[in-house]
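Structure, as structure tokens:
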Amino acid sequence: MKKRKAQVAIIALLISALVMTVGLTLSRKTTIETRLDTNEEALRDAFNAAESGIDYYLKTGTTAYTVPDLSAKADVSVKNLGGEATLNFGEYTPEGGSEFYWLTNRNSDGSLGTSYYSGNQITVAHGGMNGSLAINIFYRSGSGFGVRRWGYNFSSDSNRQVSGFTAATGAQNVTITSLPSSPVLMTVTPIFTGANLSITGNNNFPAQGEEISSLGKVGEVNTTQANKKVVIQRRYKLPTFWLDALVAEGNIE
Amino acid sequence: MKRIITTLFAFGLFLNVNITKTNAACTGTCTTCDSLYNIYRCQYTGIPCTGPGSYCSGGGQCLYQGLGCDGKDTCSCDTITSTCGCTGGCKPGQVYYSDTCEYSCTPNCSCANNLCSTQTCPNGCGGTCIGRVTYDCSCANNLCSDQTCQGSCGTCTGQLNCPLTTLTTFEIRRASDWSYTDRNDGGKDITDDQNRLHICDPYLSIQASQPRSVIYVAWLSNTLGCDNIDPDSVKMRWLGNSQEISMSKLTDHQNHPHCGYSATVTYLDTVNIPDPATFQITMKSIQGNKVTPWTNVIPALRLKVWDCNLSVTGNFYDSSGQTICSSNAFNDSLPSNLVENLSYYSSSGSAGMSLGANSYNGTIRWGRSYNPVFNNGLYPANPYGSLPVTSHWTRINNSSSCLTGSTITTSQVDPYVTSPSLDVDFSFTRIMEPWYQVVGSGVKTRGTLTSGVPVTASFAYLTRGTSSGGFTEMHVPNNGGVFFNDSFNRNAYYPSTPPYGSPNNWYKQRKLGLASIYDYNYFYNHLYLKQGVGTTGTSWNQRPESGPFFVNGDLTINANNQAFTGQPLLTIVKGNLEIDQNVTTLHGLFVVNGNIGIGGSNTTALNIHGSVYARGDIRASRSLVPKINNNTSPSVIYNYQPSYVLNLPMEVVRVLSGWRME
């Protein structure tokens with residue numbers, strides 16, 4: 001009889017151990033998940049704060065931003081784009097799109113300034129495209145503006161050449177030397193294919209806009225703080241169709 | 001003696017005796033002999049000998065015969081009673097007797113022009129026949145009207161000299177007017193220098209109108225008179241068809257050697273003998289029934305009888321803006337099917353032509369003058385009908401010169417060639433369809449680019465820079481590129497190298513990437529909603545002074561606006577944009593979600609200074625008034641204004657890009 005009671009006790013002990021093991025396992029998993037959810041929420045709040053910081057800056061020009069419930073904040077920093085002898089925005093410009101390089105400064109209100117690019121040449125690199133480039137340089141002329149245009153064919157394929165463009169077969173770049181005085185804007189439009197465009201001058205180019213960085217923060221420093229940084233460029237661009245007087249997605253007649 | 005002579009005559013008559021002695025029956029004394037001499041003959045042979053005692057080969061003595069003439073002068077008798085034909089007494093060599101003469105007589109009465117083959121000399125031989133034989137030659141079939149027969153000469157065989165009827169001259173006359181003939185004398189020479197004539201000649205058949213009748217006149221001759229011509233025997237034939245034609249006697253024109261006969265012949269226009277052919281004539285004399293066989297007429301006229309149809313072909317050219325009759329005037333074809341119909345008009349009837357795309361062919365009549373009438377026009381009031389041209393030049397047979405008038409004279413075509421034809425080209429100065437031009441920039445469309453730049457334009461390019469055009473206020477020296485999916489020129493200006501732009505003729509059939517992301521909603525959300533920039537409205541008069549103007553629907557621009565020195569007007573339309581025909585000047589930038597329409601007409605072109613972008617179609621159909629001004633000037637001009645683009649509101653051009661997260 002005693003032997004039978006001992007067996008029951010052992011079985012009960014094993015079952016209890018098993019139940020305890022399962023229970024502890026489930027409890028650990030829930031704790032981890034709760035901790036992960038808390039981090040993601042913090043990051044999301046940091047990201048939102050960063051974006052709101054940029055919006056706040058764009059609207060107010062203020063670089064410090066705190067969310068209304070004080071749960072997060074963002075520090076905004078701004079630096080000029082360009083200002084160097086090479087401009088490379090790191091963007092891929094699709095066929096028919098245009099990249100805009102300003103050759104004059106902007107006043108504080110964003111209007112066109114009068115400090116013009118002082119170099120006497122600009123080299124346009126296309127990053128190895130197999131097509132053509134249409135290049136415009138707008139310039140100030142008296143009280144108005146003018147525009148000069150260039151066209152280059154880099155491809156040896158006649159189907160990838162624009163009639164009348166200057167042949168630059170195989171070249172990786174072209175250099176414009178006959179710059180108009182008081183240049184304002186250079187636009188480069190790839191044809192037949194997109195291109196990774198950049199320009200290099202023999203002097204520094206004016207600022208092309210701003211790079212706005214916003215660091216969103218949630219929590220206390222050195223404890224559970226979550227950060228998220230958002231960077232965006234604020235540049236001056238035009239719809240490509242305004243480079244011509246007559247453009248239609250449909251027919252023209 | 002007489003009996004002997006008679007016997008000898010009879011013998012000679014039937015036996016052709018050679019020697020006859022007859023009594024000359026002279027009376028009186030022959031006194032005109034120069035001298036007489038003694039005649040001696042051998043006794044037996046009668047052979048003349050020299051005198052008494054001379055030798056005679058047949059023996060016998062040489063006996064004195066009497067006196068003889070010396071042989072040079074005749075010895076005339078006072079009268080001659082014999083009919084032997086002697087006109088004097090003795091003939092040289094004849095024996096002279098005091099009242100007789102001895103002579104030789106032959107039976108051949110060789111009277112000139114009066115031989116009958118069996119003719120015999122009556123009354124014995126004697127003397128020489130003089131004049132016509134006046135014997136009765138009443139042989140059947142041998143009567144000639146001036147022959148008189150006396151006495152009898154037996155039977156005549158063969159024809160006497162009955163005259164043939166001959167052709168004096170042959171004429172062709174206009175059926176209705178005898179004043180026209182092929183002779184220079186007494187009429188008008190209607191043959192050419194090769195003596196040719198054809199049925200369509202206006203002098204002959206009056207512009208070949210039906211019936212095409214001509215009169216042939218034959219002037220005949222017969223030495224016995226016009227009455228000796230058998231009037232039923234005169235026939236002619238034209239060797240073009242060799243059909244025999246009887247000629248009728250012209251009773252009022254019967255004067256030898258102009259015995260007139262004529263025939264009127266009508267030729268149907270189904271007769272078409274390509275080459276000129278000569279004539280022949282035949283006739284018969286009554287006396288002797290002498291037939292003049294088919295004989296070529298004199299002069300050797302050649303007549304062409306044809307249907308008078310000229311094959312005419314030609315092409316239509318566009319000479320708009322070309323120097324008169326220059327070689328370039330006939331280089332460029334007129335747009336296909338612009339000529340919908342063509343007829344050659346003449347007062348005698350019009351001829352319709354069969355048309356190709358820009359060519360034609362048909363049939364006209366030689367000798368007529370024609371004026372072309374196009375597209376259901378009326379001559380002379382409106383010869384061009386609905387054809388949009390102002391004038392035309394005419395080129396005949398690819399000549400280096402051309403006609404500035406419109407009348408085409410078909411008589412200039414050589415009618416004697418096998419297949420007369422005429423090549424008549426027309427080159428028109430067109431009234432152009434209205435067209436547009438872009439100044440200072442390019443044109444881009446993802447669809448079809450229909451332009452209308454005419455060759456007549458003073459600066460015939462779709463896009464043009466300003467340095468050559470005098471638009472100095474724009475400060476734009478260059479034009480831009482032209483990009484399209486398909487292209488078409490509705491004024492059919494298709495030189496080998498498309499004249500899209502000057503000074504930069506940049507063009508490519510290429511859509512240039514994806515459609516733009518910019519539209520009404522983008523600008524409205526980005527500018528108006530987010531930044532509160534811009535003005536909304538529904539009509540043109542609600543537009544702001546400058547800056548964005550949002551129209552949430554269609555918009556009709558019905559008034560001009562002024563130029564902008566700073567920020568321009570940016571009109572953004574969600575629907576379609578129509579520009580009224582009264583508007584001539586617009587400034588600003590236009591973005592339209594739908595289509596842009598520019599219709600109507602105006603004496604002044606519409607100048608849009610700025611830039612136009614449509615997500616749909618842009619259709620400029622506005623015409624200048626008068627329409628002919630479309631030949632030289634565009635009716636809509638898109639003037640690119642870089643100052644408008646560079647002076648856009650900051651909110652428009654300052655964009656965010658390059659977003660990244662770190």
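Following the order of the structure tokens, first chain is A, next is B, and so on, with residues numbered from 1 inside each chain and ligands from 1 in the order they appear.
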
Neighbours of chain B in chain A at 7 Å, counting only C-alpha atoms, as a ChimeraX atom specification: /A:95-96,110,141,144-149,162-165,191-192,228-238,241-242,244-253

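Closest approach to Met129 of chain A among A:Asn227, A:Ser108, A:Ser143, A:Asn153 is made by A:Asn153 (distances from only C-alpha atoms).
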
Shell around Gly131 of chain A at 12 Å using only C-alpha atoms, local window under 6 positions removed, as a PyMOL selection string: (chain A and resi 94-96+151-162+165+167-173+189-195) or (chain B and resi 512)

Which of segment 19-224 of chain A DSSP labels strand (DSSP E or B), written as a PyMOL selection string: chain A and resi 64-66+72-82+86-87+92-93+99-102+104-106+112-116+122-125+132-141+144-153+163+166-167+173-176+183-191+195-196+198-201+207-218

For C-alpha atoms, I'd like the residues from the last selection saved as a compact mmCIF listing (two decimals), in the first residue's frame.
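Output file out13.txt is given in full below:
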```txt
# COMPACT_ATOMS: atom_id res chain seq x y z
CA ALA A 64 13.42 72.11 -32.33
CA TYR A 65 10.19 70.22 -32.24
CA THR A 66 8.29 68.45 -29.45
CA ALA A 72 8.81 62.59 -28.26
CA LYS A 73 10.80 65.34 -29.82
CA ALA A 74 12.90 66.02 -32.88
CA ASP A 75 16.05 67.95 -33.48
CA VAL A 76 16.27 69.42 -36.97
CA SER A 77 19.52 70.35 -38.62
CA VAL A 78 19.88 72.04 -42.01
CA LYS A 79 22.83 72.28 -44.33
CA ASN A 80 23.19 73.60 -47.84
CA LEU A 81 23.37 71.31 -50.83
CA GLY A 82 26.07 71.95 -53.34
CA THR A 86 30.86 68.90 -58.43
CA LEU A 87 27.15 68.43 -58.09
CA TYR A 92 18.72 58.47 -61.23
CA THR A 93 17.10 60.74 -63.76
CA GLU A 99 18.02 67.33 -63.53
CA PHE A 100 18.27 70.93 -62.45
CA TYR A 101 21.56 72.57 -61.53
CA TRP A 102 21.31 76.15 -60.41
CA THR A 104 23.09 81.34 -59.32
CA ASN A 105 22.44 81.63 -55.64
CA ARG A 106 19.10 81.96 -53.95
CA LEU A 112 17.06 84.16 -57.58
CA GLY A 113 20.19 85.91 -56.47
CA THR A 114 22.89 87.53 -58.50
CA SER A 115 25.94 85.48 -57.51
CA TYR A 116 26.52 83.45 -60.60
CA ILE A 122 30.91 72.85 -67.00
CA THR A 123 31.42 69.16 -67.63
CA VAL A 124 28.31 67.01 -67.68
CA ALA A 125 28.78 63.32 -66.90
CA SER A 132 21.61 61.36 -75.67
CA LEU A 133 21.52 64.42 -73.49
CA ALA A 134 19.70 67.69 -74.04
CA ILE A 135 21.27 70.49 -72.07
CA ASN A 136 19.80 73.93 -71.48
CA ILE A 137 21.43 76.85 -69.75
CA PHE A 138 19.16 79.67 -68.74
CA TYR A 139 20.80 82.99 -68.18
CA ARG A 140 19.88 86.48 -67.25
CA SER A 141 19.78 88.93 -70.13
CA GLY A 144 14.74 89.16 -68.87
CA PHE A 145 16.10 85.71 -69.35
CA GLY A 146 17.39 83.71 -72.21
CA VAL A 147 18.24 80.10 -72.81
CA ARG A 148 20.88 78.32 -74.83
CA ARG A 149 20.57 74.71 -75.78
CA TRP A 150 22.97 71.89 -76.59
CA GLY A 151 22.40 68.32 -77.64
CA TYR A 152 24.80 65.34 -77.65
CA ASN A 153 24.53 61.80 -78.92
CA SER A 163 18.82 64.15 -85.44
CA THR A 166 26.37 66.74 -81.73
CA ALA A 167 28.06 63.36 -81.90
CA ASN A 173 30.89 63.33 -70.46
CA VAL A 174 30.79 66.53 -72.42
CA THR A 175 32.13 69.91 -71.48
CA ILE A 176 30.23 73.09 -72.17
CA PRO A 183 24.04 81.83 -65.99
CA VAL A 184 21.08 80.94 -63.85
CA LEU A 185 20.13 77.33 -64.44
CA MET A 186 21.44 74.30 -66.22
CA THR A 187 19.00 71.53 -67.03
CA VAL A 188 20.08 68.13 -68.32
CA THR A 189 17.54 65.79 -69.87
CA PRO A 190 18.50 62.24 -70.80
CA ILE A 191 16.96 60.75 -73.91
CA ALA A 195 21.15 58.47 -66.45
CA ASN A 196 23.05 59.11 -63.23
CA SER A 198 26.45 64.96 -62.34
CA ILE A 199 28.22 68.13 -63.32
CA THR A 200 31.69 69.40 -62.57
CA GLY A 201 32.88 72.94 -63.00
CA ALA A 207 24.03 76.11 -53.19
CA GLN A 208 21.36 73.96 -54.73
CA GLY A 209 19.03 73.93 -51.73
CA GLU A 210 19.04 72.38 -48.32
CA GLU A 211 19.47 69.00 -46.81
CA ILE A 212 17.17 68.78 -43.81
CA SER A 213 17.92 66.18 -41.16
CA SER A 214 15.46 65.49 -38.36
CA LEU A 215 16.36 63.18 -35.49
CA GLY A 216 13.26 61.94 -33.69
CA LYS A 217 13.69 60.83 -30.08
CA VAL A 218 11.52 58.90 -27.60
```

Atomic separation - atom CA of Asn582 of chain B relative to atom CA of Asn607 of chain B, Å: 11.8 Å

Near-Pro495 of chain B list (12 Å; only C-alpha atoms; drop same-chain fewer than 2 positions) as an MDAnalysis selection string: chainID B and resid 328 331:333 453:455 460:461 489 491:493 497:500

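Taking atom CA of Leu58 of chain A and atom CA of Asp45 of chain A as endpoints, the distance between them is 19.6 Å.
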
For Gly128 of chain A, the nearest of the candidates A:Ala85, A:Glu91, A:Ala226, A:Leu197, counting only C-alpha atoms: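 For Gly128 of chain A, the nearest of the candidates is A:Leu197.
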